[in-house]
Amino acid sequence: MISVDGLTVEFGATTLFKNISFVINEKDRIALMGKNGAGKSTLLKILAGEREANKGQVAVPRDKVVAYLPQHLMTEDSRTVFEEASQAFAHIFAMEREMAQINKELEMRTDYESDSYYELIEKVSTLSEKFYSIEETNFDAEVEKVLLGLGFLREDLHRPTNEFSGGWRMRIELAKILLKKPDLILLDEPTNHLDIESIQWLEDFLIQCGKAVIVISHDRAFVDRITTRTIEVTMGRIYDYKVNYSQYLVLRQERREQQLKAYEEQQKMIADNEAFIERFKGTYSKTLQVQSRVKMLEKLERVEVDEEDRSALRLKFPPAPRSGNYPLIATEVSKQYDEHLVFANASLTLERGEKIAFVGRNGEGKSTLVKAIMGEIDYGGELQLGHNTRIGYFAQNQASLLDEDLTVFQTIDDIAVGDIRTKIKDMLGAFMFGGEDIDKKVRVLSGGEKTRLAMIKLLLEPVNLLILDEPTNHLDMKTKDVLKDALKAFDGTLILVSHDRDFLDGLVDKVYEFGNKRVKEHLGDIQSFLEMKKMLHLNELERKN
């Protein structure tokens, strides 16, 4: 359907990738993988037509539509959510208006034999043919269906977009893309601002829509479920696997082992030939053999071993100071903003060593309860911290609280104590701060880099109650695994606000669901919670039927 031929992208002396080619077929669902900086987002922008390669081309048939969702975007502030999402059909509405205008003009004119009259007839005929060939659609119903699927409430649809956060605006943009029904959908980190229910809705949509999809995502469960093909960008080239992410990891390991074996065999052959050359280079009877071997080594195509991301350093939290048996008790906690009730009568008792998750649709109060626990907002009811409870808190805006005048290294060096001081560079490397990065000022870091730095800072503080609000949004899979292992080994108590099912799986043993103005306790892990929720949905469907 769409072919990529000989793409090369260079930044100054750095070659991002060189002479890569592949074909995107109808119904392909592709995961674009590779370490940070490998060129994944750049390749997506080239496919979207938003930037050009230094060499090569992307061939898109004229009748094919490509839609692109970048990581960062802004919607039009003057429209409502519904009006902005309806822009997906703007070209159809424009066509309809133009036809109405021409027909009105034809009614008023009497110069039936003139060339201009015939031109108008021809134009309206062409437009009509094009317009009526479009599948008949109830546009309003389609817009509403997609927006509700992505987590908006009916009363949200006629609110101005400027009342919504960046994450909700991204959902509006995603709705526009899905409504266009493009032939190829390009998604760069689409799940970062979606809750679990919205992610599941998006998964089902992408699987059932039958269109080609290319996605960059650090959400392993999402990638595994929706993709059937994995393209890895590494060391300036690509590897194409006709399998999903989990199977690709196995095949990539096999490929690397084969490369290492071939590399070691070639290095031995090179060493043997160089030893022969060195030994006999002054011997007349061996001159031809020496020259032959020199030429052979000059022409030899060297085996390269793919770079390995060594960032999987196993991080450990400092031992948690012992707290009381119940680090936190919440009794009948409520929160209301003016007329808007967020939740009422929320109660929970957190035992020492428990690891729990707060889940639910965005806007139902997960972060609000966390802020109440931290004393950042007022509330109704009672929140009581247990004896010697010491909280470590990672807020969604944690990155903005860093001292921008310090370097990356200084930020961590200022709070590191004991043996960990000798491993600061290793820790920074684990969170993708390598080489010269450690001397960068915090102010020049990207949002994702600041988030990772704030996370390391948190890891070093001796606490016994960790509260993490969406900590994985800017972390790649390798780094998330590092954090997950550290949290598993943490001997304190954990409250985790997250929509990342793979991250929560095996990490929490109790789930608190926020929804319908209340907070409900579910005993068991995230998998049992999701299975139970699916049964609830099926029962509701049967009752409706």
# chains A, B, ... in the order shown; residues from 1 in each chain; ligands from 1
$ select_by_dssp --residues "stretch 170-256 of chain A" --states "alpha helix (DSSP H)" --output "number ranges by chain"
A: 170-180, 196-208, 220-226, 245-256
$ residues_around --residues "stretch 434-437 of chain A" --least-positions-apart "5" --cutoff "10 Å" --atoms "only C-alpha atoms" --output "list in words"
Ser311, Thr407, Val408, Phe409, Lys425, Asp426, Met427, Leu428, Gly429 and Leu445 of chain A
$ closest_residue --among "A:Phe317, A:Lys371, A:Arg279, A:Lys295" --to "A:Ala486" --atoms "only C-alpha atoms"
A:Phe317
$ residues_around --residues "A:Arg171" --least-positions-apart "5" --cutoff "12 Å" --atoms "only C-alpha atoms" --output "VMD selection string"
chain A and resid 69 to 75 81 to 82 84 to 85 146 to 152 161 164 to 166 176 to 178 187 189 to 195 198 to 199 202 362
$ write_last_selection --atoms "N, CA and C atoms" --output "CSV table (one decimal), in the first residue's frame"
chain,number,residue,atom,x,y,z
A,69,LEU,N,-0.8,11.3,14.9
A,69,LEU,CA,-1.0,11.9,16.2
A,69,LEU,C,0.4,12.1,16.9
A,70,PRO,N,0.9,13.3,17.0
A,70,PRO,CA,2.2,13.5,17.6
A,70,PRO,C,2.1,13.5,19.1
A,71,GLN,N,3.2,13.5,19.8
A,71,GLN,CA,3.2,13.5,21.3
A,71,GLN,C,2.6,14.8,21.9
A,72,HIS,N,2.9,15.9,21.2
A,72,HIS,CA,2.5,17.2,21.8
A,72,HIS,C,1.7,18.0,20.8
A,73,LEU,N,0.6,18.6,21.1
A,73,LEU,CA,-0.3,19.3,20.2
A,73,LEU,C,-1.2,20.2,20.9
A,74,MET,N,-1.8,21.1,20.2
A,74,MET,CA,-2.8,22.0,20.7
A,74,MET,C,-4.1,22.0,19.8
A,75,THR,N,-5.2,22.1,20.5
A,75,THR,CA,-6.5,22.2,19.7
A,75,THR,C,-6.9,23.7,19.6
A,81,VAL,N,-15.7,20.9,22.5
A,81,VAL,CA,-15.1,19.6,22.3
A,81,VAL,C,-15.8,18.9,21.1
A,82,PHE,N,-17.1,19.0,21.0
A,82,PHE,CA,-17.9,18.4,19.9
A,82,PHE,C,-17.5,19.0,18.6
A,84,GLU,N,-14.8,20.7,17.8
A,84,GLU,CA,-13.4,20.4,17.4
A,84,GLU,C,-13.3,19.0,16.8
A,85,ALA,N,-13.9,18.1,17.5
A,85,ALA,CA,-13.9,16.7,16.9
A,85,ALA,C,-14.6,16.6,15.6
A,146,VAL,N,-17.3,8.2,19.4
A,146,VAL,CA,-15.9,8.2,19.6
A,146,VAL,C,-15.4,9.0,20.8
A,147,LEU,N,-16.0,10.1,21.1
A,147,LEU,CA,-15.7,10.9,22.2
A,147,LEU,C,-16.0,10.2,23.5
A,148,LEU,N,-17.2,9.6,23.6
A,148,LEU,CA,-17.6,8.9,24.8
A,148,LEU,C,-16.6,7.7,25.0
A,149,GLY,N,-16.3,7.0,23.9
A,149,GLY,CA,-15.3,5.9,24.0
A,149,GLY,C,-14.0,6.3,24.6
A,150,LEU,N,-13.6,7.5,24.3
A,150,LEU,CA,-12.3,8.0,24.7
A,150,LEU,C,-12.3,8.7,26.1
A,151,GLY,N,-13.5,8.5,26.8
A,151,GLY,CA,-13.6,8.9,28.2
A,151,GLY,C,-14.3,10.2,28.5
A,152,PHE,N,-14.8,10.9,27.4
A,152,PHE,CA,-15.5,12.2,27.7
A,152,PHE,C,-16.9,11.8,28.2
A,161,THR,N,-12.8,23.7,24.5
A,161,THR,CA,-11.6,22.9,24.7
A,161,THR,C,-10.6,23.5,25.6
A,164,PHE,N,-10.0,22.2,29.2
A,164,PHE,CA,-9.4,20.8,29.4
A,164,PHE,C,-7.9,20.8,29.4
A,165,SER,N,-7.3,19.9,30.1
A,165,SER,CA,-5.8,19.7,30.2
A,165,SER,C,-5.3,19.2,28.9
A,166,GLY,N,-3.9,19.3,28.8
A,166,GLY,CA,-3.3,18.8,27.5
A,166,GLY,C,-3.6,17.4,27.2
A,176,LYS,N,-10.4,13.0,16.3
A,176,LYS,CA,-10.5,13.5,14.9
A,176,LYS,C,-9.8,12.5,14.0
A,177,ILE,N,-8.7,12.0,14.4
A,177,ILE,CA,-8.0,11.0,13.6
A,177,ILE,C,-8.8,9.8,13.4
A,178,LEU,N,-9.4,9.2,14.4
A,178,LEU,CA,-10.2,8.0,14.3
A,178,LEU,C,-11.5,8.2,13.5
A,187,LEU,N,0.6,6.8,15.4
A,187,LEU,CA,0.4,7.2,16.8
A,187,LEU,C,1.7,7.2,17.5
A,189,GLU,N,3.1,7.6,21.1
A,189,GLU,CA,2.8,7.5,22.6
A,189,GLU,C,1.3,7.9,22.8
A,190,PRO,N,0.4,7.2,22.2
A,190,PRO,CA,-1.0,7.6,22.4
A,190,PRO,C,-1.6,7.3,23.8
A,191,THR,N,-1.0,6.4,24.6
A,191,THR,CA,-1.6,6.0,25.8
A,191,THR,C,-1.2,6.8,27.0
A,192,ASN,N,-0.2,7.8,26.8
A,192,ASN,CA,0.3,8.5,27.9
A,192,ASN,C,-0.7,9.3,28.7
A,193,HIS,N,-1.8,9.7,28.1
A,193,HIS,CA,-2.8,10.5,28.8
A,193,HIS,C,-4.1,9.8,28.9
A,194,LEU,N,-4.2,8.5,28.7
A,194,LEU,CA,-5.4,7.8,28.7
A,194,LEU,C,-5.5,6.9,29.9
A,195,ASP,N,-6.7,6.8,30.5
A,195,ASP,CA,-6.9,5.9,31.6
A,195,ASP,C,-7.1,4.4,31.1
A,198,SER,N,-10.1,3.8,28.7
A,198,SER,CA,-10.0,4.4,27.4
A,198,SER,C,-8.9,3.7,26.5
A,199,ILE,N,-7.9,3.2,27.2
A,199,ILE,CA,-6.9,2.4,26.5
A,199,ILE,C,-7.5,1.1,25.9
A,202,LEU,N,-9.5,2.0,22.9
A,202,LEU,CA,-8.7,2.3,21.8
A,202,LEU,C,-8.1,1.0,21.2
A,362,ASN,N,-10.1,9.3,34.0
A,362,ASN,CA,-9.5,10.6,34.4
A,362,ASN,C,-10.6,11.5,34.9
$ select_by_dssp --residues "stretch 426-520 of chain A" --states "strand (DSSP E)" --output "compact mmCIF listing (two decimals) with all heavy atoms, in the first residue's frame"
# COMPACT_ATOMS: atom_id res chain seq x y z
N LEU A 465 6.43 5.34 53.06
CA LEU A 465 5.18 5.38 52.27
C LEU A 465 5.45 6.13 50.98
O LEU A 465 5.68 7.33 50.98
CB LEU A 465 4.05 6.07 53.06
CG LEU A 465 2.75 6.33 52.29
CD1 LEU A 465 2.17 5.05 51.71
CD2 LEU A 465 1.72 7.03 53.16
N LEU A 466 5.47 5.39 49.88
CA LEU A 466 5.69 5.99 48.57
C LEU A 466 4.35 6.24 47.90
O LEU A 466 3.50 5.33 47.83
CB LEU A 466 6.51 5.04 47.68
CG LEU A 466 8.03 5.20 47.64
CD1 LEU A 466 8.62 4.11 46.78
CD2 LEU A 466 8.42 6.57 47.10
N ILE A 467 4.15 7.46 47.40
CA ILE A 467 2.93 7.79 46.64
C ILE A 467 3.38 8.28 45.27
O ILE A 467 4.03 9.33 45.16
CB ILE A 467 2.10 8.88 47.35
CG1 ILE A 467 1.74 8.43 48.78
CG2 ILE A 467 0.84 9.18 46.56
CD1 ILE A 467 0.98 9.48 49.59
N LEU A 468 3.08 7.50 44.24
CA LEU A 468 3.52 7.82 42.88
C LEU A 468 2.31 8.06 41.98
O LEU A 468 1.46 7.19 41.82
CB LEU A 468 4.36 6.67 42.29
CG LEU A 468 5.53 6.15 43.14
CD1 LEU A 468 6.27 5.04 42.40
CD2 LEU A 468 6.49 7.28 43.48
N ASP A 469 2.22 9.26 41.42
CA ASP A 469 1.09 9.63 40.56
C ASP A 469 1.55 9.62 39.10
O ASP A 469 2.27 10.51 38.65
CB ASP A 469 0.59 11.03 40.96
CG ASP A 469 -0.76 11.38 40.32
OD1 ASP A 469 -1.21 10.60 39.46
OD2 ASP A 469 -1.34 12.41 40.69
N THR A 493 5.46 0.85 52.18
CA THR A 493 4.07 0.84 51.71
C THR A 493 3.97 1.69 50.45
O THR A 493 4.67 2.70 50.32
CB THR A 493 3.16 1.39 52.81
OG1 THR A 493 3.45 0.71 54.04
CG2 THR A 493 1.69 1.19 52.48
N LEU A 494 3.11 1.30 49.51
CA LEU A 494 3.06 1.97 48.20
C LEU A 494 1.63 2.28 47.78
O LEU A 494 0.74 1.43 47.86
CB LEU A 494 3.70 1.06 47.14
CG LEU A 494 3.63 1.51 45.68
CD1 LEU A 494 4.46 2.77 45.44
CD2 LEU A 494 4.09 0.39 44.74
N ILE A 495 1.41 3.55 47.36
CA ILE A 495 0.16 3.94 46.66
C ILE A 495 0.57 4.35 45.26
O ILE A 495 1.41 5.24 45.09
CB ILE A 495 -0.54 5.11 47.37
CG1 ILE A 495 -1.00 4.72 48.77
CG2 ILE A 495 -1.76 5.57 46.54
CD1 ILE A 495 -1.60 5.89 49.57
N LEU A 496 -0.02 3.71 44.26
CA LEU A 496 0.39 3.93 42.87
C LEU A 496 -0.82 4.33 42.03
O LEU A 496 -1.79 3.58 41.92
CB LEU A 496 1.00 2.64 42.32
CG LEU A 496 1.71 2.66 40.98
CD1 LEU A 496 2.81 3.71 40.93
CD2 LEU A 496 2.32 1.29 40.70
N VAL A 497 -0.79 5.55 41.49
CA VAL A 497 -1.82 6.00 40.54
C VAL A 497 -1.26 5.73 39.15
O VAL A 497 -0.24 6.30 38.77
CB VAL A 497 -2.12 7.50 40.70
CG1 VAL A 497 -3.21 7.93 39.73
CG2 VAL A 497 -2.51 7.83 42.13
N LYS A 510 -3.88 -4.85 45.82
CA LYS A 510 -5.23 -4.34 46.09
C LYS A 510 -5.49 -3.16 45.16
O LYS A 510 -4.56 -2.41 44.85
CB LYS A 510 -5.37 -3.91 47.55
CG LYS A 510 -6.82 -3.66 47.98
CD LYS A 510 -6.88 -3.10 49.40
CE LYS A 510 -6.58 -4.14 50.45
NZ LYS A 510 -6.74 -3.58 51.83
N VAL A 511 -6.74 -3.01 44.70
CA VAL A 511 -7.08 -1.95 43.75
C VAL A 511 -8.23 -1.13 44.32
O VAL A 511 -9.24 -1.68 44.77
CB VAL A 511 -7.49 -2.55 42.37
CG1 VAL A 511 -7.95 -1.46 41.43
CG2 VAL A 511 -6.33 -3.33 41.76
N TYR A 512 -8.08 0.20 44.29
CA TYR A 512 -9.17 1.11 44.65
C TYR A 512 -9.66 1.78 43.38
O TYR A 512 -8.89 2.46 42.69
CB TYR A 512 -8.70 2.16 45.67
CG TYR A 512 -8.56 1.59 47.07
CD1 TYR A 512 -7.37 1.00 47.48
CD2 TYR A 512 -9.64 1.62 47.96
CE1 TYR A 512 -7.25 0.46 48.75
CE2 TYR A 512 -9.52 1.07 49.23
CZ TYR A 512 -8.32 0.49 49.62
OH TYR A 512 -8.21 -0.05 50.88
N GLU A 513 -10.93 1.54 43.05
CA GLU A 513 -11.52 2.06 41.82
C GLU A 513 -12.27 3.36 42.10
O GLU A 513 -13.14 3.42 42.98
CB GLU A 513 -12.48 1.04 41.21
CG GLU A 513 -13.12 1.51 39.93
CD GLU A 513 -14.25 0.61 39.45
OE1 GLU A 513 -14.65 -0.30 40.23
OE2 GLU A 513 -14.72 0.80 38.33
N PHE A 514 -11.93 4.42 41.34
CA PHE A 514 -12.59 5.72 41.46
C PHE A 514 -13.62 5.85 40.34
O PHE A 514 -13.28 5.70 39.17
CB PHE A 514 -11.55 6.85 41.35
CG PHE A 514 -10.66 6.99 42.55
CD1 PHE A 514 -9.75 5.99 42.89
CD2 PHE A 514 -10.73 8.11 43.36
CE1 PHE A 514 -8.92 6.10 43.99
CE2 PHE A 514 -9.91 8.24 44.48
CZ PHE A 514 -9.00 7.24 44.79
N GLY A 515 -14.86 6.13 40.70
CA GLY A 515 -15.89 6.29 39.68
C GLY A 515 -17.24 6.54 40.31
O GLY A 515 -17.51 6.11 41.44
N ARG A 518 -17.57 7.90 43.93
CA ARG A 518 -17.18 7.12 45.11
C ARG A 518 -15.90 6.33 44.84
O ARG A 518 -15.44 6.24 43.70
CB ARG A 518 -18.31 6.19 45.57
CG ARG A 518 -18.76 5.18 44.56
CD ARG A 518 -20.12 4.58 44.94
NE ARG A 518 -20.50 3.53 44.00
CZ ARG A 518 -20.47 2.24 44.29
NH1 ARG A 518 -20.09 1.82 45.49
NH2 ARG A 518 -20.83 1.33 43.41
N VAL A 519 -15.35 5.76 45.91
CA VAL A 519 -14.11 4.99 45.82
C VAL A 519 -14.40 3.59 46.36
O VAL A 519 -14.85 3.43 47.50
CB VAL A 519 -12.98 5.65 46.65
CG1 VAL A 519 -11.70 4.84 46.52
CG2 VAL A 519 -12.76 7.09 46.20
N LYS A 520 -14.16 2.58 45.51
CA LYS A 520 -14.54 1.21 45.86
C LYS A 520 -13.31 0.32 45.97
O LYS A 520 -12.44 0.35 45.10
CB LYS A 520 -15.49 0.67 44.77
CG LYS A 520 -16.11 -0.67 45.09
CD LYS A 520 -17.10 -1.06 44.00
CE LYS A 520 -17.73 -2.41 44.29
NZ LYS A 520 -18.63 -2.84 43.21
$ closest_residue --among "A:Ser528, A:Asp224, A:Met33, A:Leu260" --to "A:Ser246" --atoms "only C-alpha atoms"
A:Asp224
$ atom_distance --atom1 "atom CA of A:Leu288" --atom2 "atom CA of A:Met269"
18.8 Å
$ residues_around --residues "A:Leu507" --least-positions-apart "5" --cutoff "10 Å" --atoms "only C-alpha atoms" --output "VMD selection string"
chain A and resid 355 to 357 484 to 485 487 to 489 494 496 502 525 to 526
$ atom_distance --atom1 "atom CA of A:Tyr248" --atom2 "atom CA of A:Lys40"
16.7 Å
$ residues_around --residues "A:Gln208" --least-positions-apart "4" --cutoff "12 Å" --atoms "only C-alpha atoms" --output "number ranges by chain"
A: 27, 29, 178, 181, 201-204, 212-213, 226
$ residues_around --residues "stretch 118-125 of chain A" --least-positions-apart "6" --cutoff "12 Å" --atoms "only C-alpha atoms" --output "ChimeraX atom specification"
/A:95-107,109-112,131-132
$ closest_residue --among "A:Ile24, A:Ala53, A:Leu157, A:Val294" --to "A:Arg79" --atoms "only C-alpha atoms"
A:Leu157
$ atom_distance --atom1 "atom CA of A:Glu265" --atom2 "atom CA of A:Glu278"
20.0 Å
$ closest_residue --among "A:Val9, A:Leu504, A:Leu458, A:Leu184" --to "A:Leu530" --atoms "only C-alpha atoms"
A:Leu504
$ closest_residue --among "A:Ala399, A:Leu475, A:Leu328, A:Ala275" --to "A:Leu453" --atoms "only C-alpha atoms"
A:Ala399
$ closest_residue --among "A:Ile30, A:Gly39, A:Val463, A:Asp414" --to "A:Pro318" --atoms "only C-alpha atoms"
A:Val463
